[in-house]
Amino acid sequence: MNAYERYIAADPKHCRVCKAPFTAGKSAITKEFTGELYAFCSDACIAEFEEDPEKYVQFPDDEVVE
Ligand SMILES: [Zn+2]
């Protein structure tokens with residue numbers, strides 16, 4: 001299990017693209033890209049990720065957003 005799989009397993013708290021927090025009413029959508037799973041809040045954010053994945057593939061320091 002790599003760092004990102006652990007991240008997903010630990011229930012990601014923020015959208016990969018827009019950093020919006022996932023709340024009870026807004027669950028994460030996960031999508032695989034080059035063997036890794038990423039979490040998003042919406043199809044729009046997935047589309048943005050797919051436009052320029054390089055911009056988002058680095059492991060996020062999401063905890064900073066708290
Ligand atoms: Zn988002």
# chains A, B, ... in the order shown; residues from 1 in each chain; ligands from 1
$ closest_atom_pairs --of "chain A" --to "ligand 1" --cutoff "10 Å" --atoms "only C-alpha atoms and all ligand atoms" --output "JSON lines"
{"residue": "A:His14", "atom": "CA", "partner": "ligand 1", "partner_atom_place_in_ligand_line": "1 (Zn)", "distance": 7.8}
{"residue": "A:Cys15", "atom": "CA", "partner": "ligand 1", "partner_atom_place_in_ligand_line": "1 (Zn)", "distance": 4.5}
{"residue": "A:Arg16", "atom": "CA", "partner": "ligand 1", "partner_atom_place_in_ligand_line": "1 (Zn)", "distance": 6.4}
{"residue": "A:Val17", "atom": "CA", "partner": "ligand 1", "partner_atom_place_in_ligand_line": "1 (Zn)", "distance": 5.1}
{"residue": "A:Cys18", "atom": "CA", "partner": "ligand 1", "partner_atom_place_in_ligand_line": "1 (Zn)", "distance": 4.2}
{"residue": "A:Lys19", "atom": "CA", "partner": "ligand 1", "partner_atom_place_in_ligand_line": "1 (Zn)", "distance": 6.0}
{"residue": "A:Ala20", "atom": "CA", "partner": "ligand 1", "partner_atom_place_in_ligand_line": "1 (Zn)", "distance": 5.5}
{"residue": "A:Pro21", "atom": "CA", "partner": "ligand 1", "partner_atom_place_in_ligand_line": "1 (Zn)", "distance": 8.3}
{"residue": "A:Phe22", "atom": "CA", "partner": "ligand 1", "partner_atom_place_in_ligand_line": "1 (Zn)", "distance": 9.0}
{"residue": "A:Ala28", "atom": "CA", "partner": "ligand 1", "partner_atom_place_in_ligand_line": "1 (Zn)", "distance": 9.0}
{"residue": "A:Ile29", "atom": "CA", "partner": "ligand 1", "partner_atom_place_in_ligand_line": "1 (Zn)", "distance": 9.5}
{"residue": "A:Ala39", "atom": "CA", "partner": "ligand 1", "partner_atom_place_in_ligand_line": "1 (Zn)", "distance": 8.6}
{"residue": "A:Phe40", "atom": "CA", "partner": "ligand 1", "partner_atom_place_in_ligand_line": "1 (Zn)", "distance": 5.2}
{"residue": "A:Cys41", "atom": "CA", "partner": "ligand 1", "partner_atom_place_in_ligand_line": "1 (Zn)", "distance": 4.2}
{"residue": "A:Ser42", "atom": "CA", "partner": "ligand 1", "partner_atom_place_in_ligand_line": "1 (Zn)", "distance": 5.6}
{"residue": "A:Asp43", "atom": "CA", "partner": "ligand 1", "partner_atom_place_in_ligand_line": "1 (Zn)", "distance": 8.3}
{"residue": "A:Ala44", "atom": "CA", "partner": "ligand 1", "partner_atom_place_in_ligand_line": "1 (Zn)", "distance": 7.3}
{"residue": "A:Cys45", "atom": "CA", "partner": "ligand 1", "partner_atom_place_in_ligand_line": "1 (Zn)", "distance": 4.7}
{"residue": "A:Ile46", "atom": "CA", "partner": "ligand 1", "partner_atom_place_in_ligand_line": "1 (Zn)", "distance": 7.7}
{"residue": "A:Glu48", "atom": "CA", "partner": "ligand 1", "partner_atom_place_in_ligand_line": "1 (Zn)", "distance": 9.0}
{"residue": "A:Phe49", "atom": "CA", "partner": "ligand 1", "partner_atom_place_in_ligand_line": "1 (Zn)", "distance": 9.5}
$ select_by_dssp --residues "stretch 11-58 of chain A" --states "strand (DSSP E)" --output "ChimeraX atom specification"
/A:29-33,36-40
$ write_last_selection --atoms "C-alpha atoms" --output "CSV table (one decimal), in the first residue's frame"
chain,number,residue,atom,x,y,z
A,29,ILE,CA,-16.0,10.8,-5.8
A,30,THR,CA,-12.9,8.7,-6.4
A,31,LYS,CA,-11.2,8.3,-9.7
A,32,GLU,CA,-8.1,6.3,-10.6
A,33,PHE,CA,-5.3,7.9,-12.5
A,36,GLU,CA,-3.5,5.9,-7.9
A,37,LEU,CA,-6.9,6.9,-6.5
A,38,TYR,CA,-7.8,10.6,-6.2
A,39,ALA,CA,-10.8,12.1,-4.4
A,40,PHE,CA,-13.0,14.9,-5.9
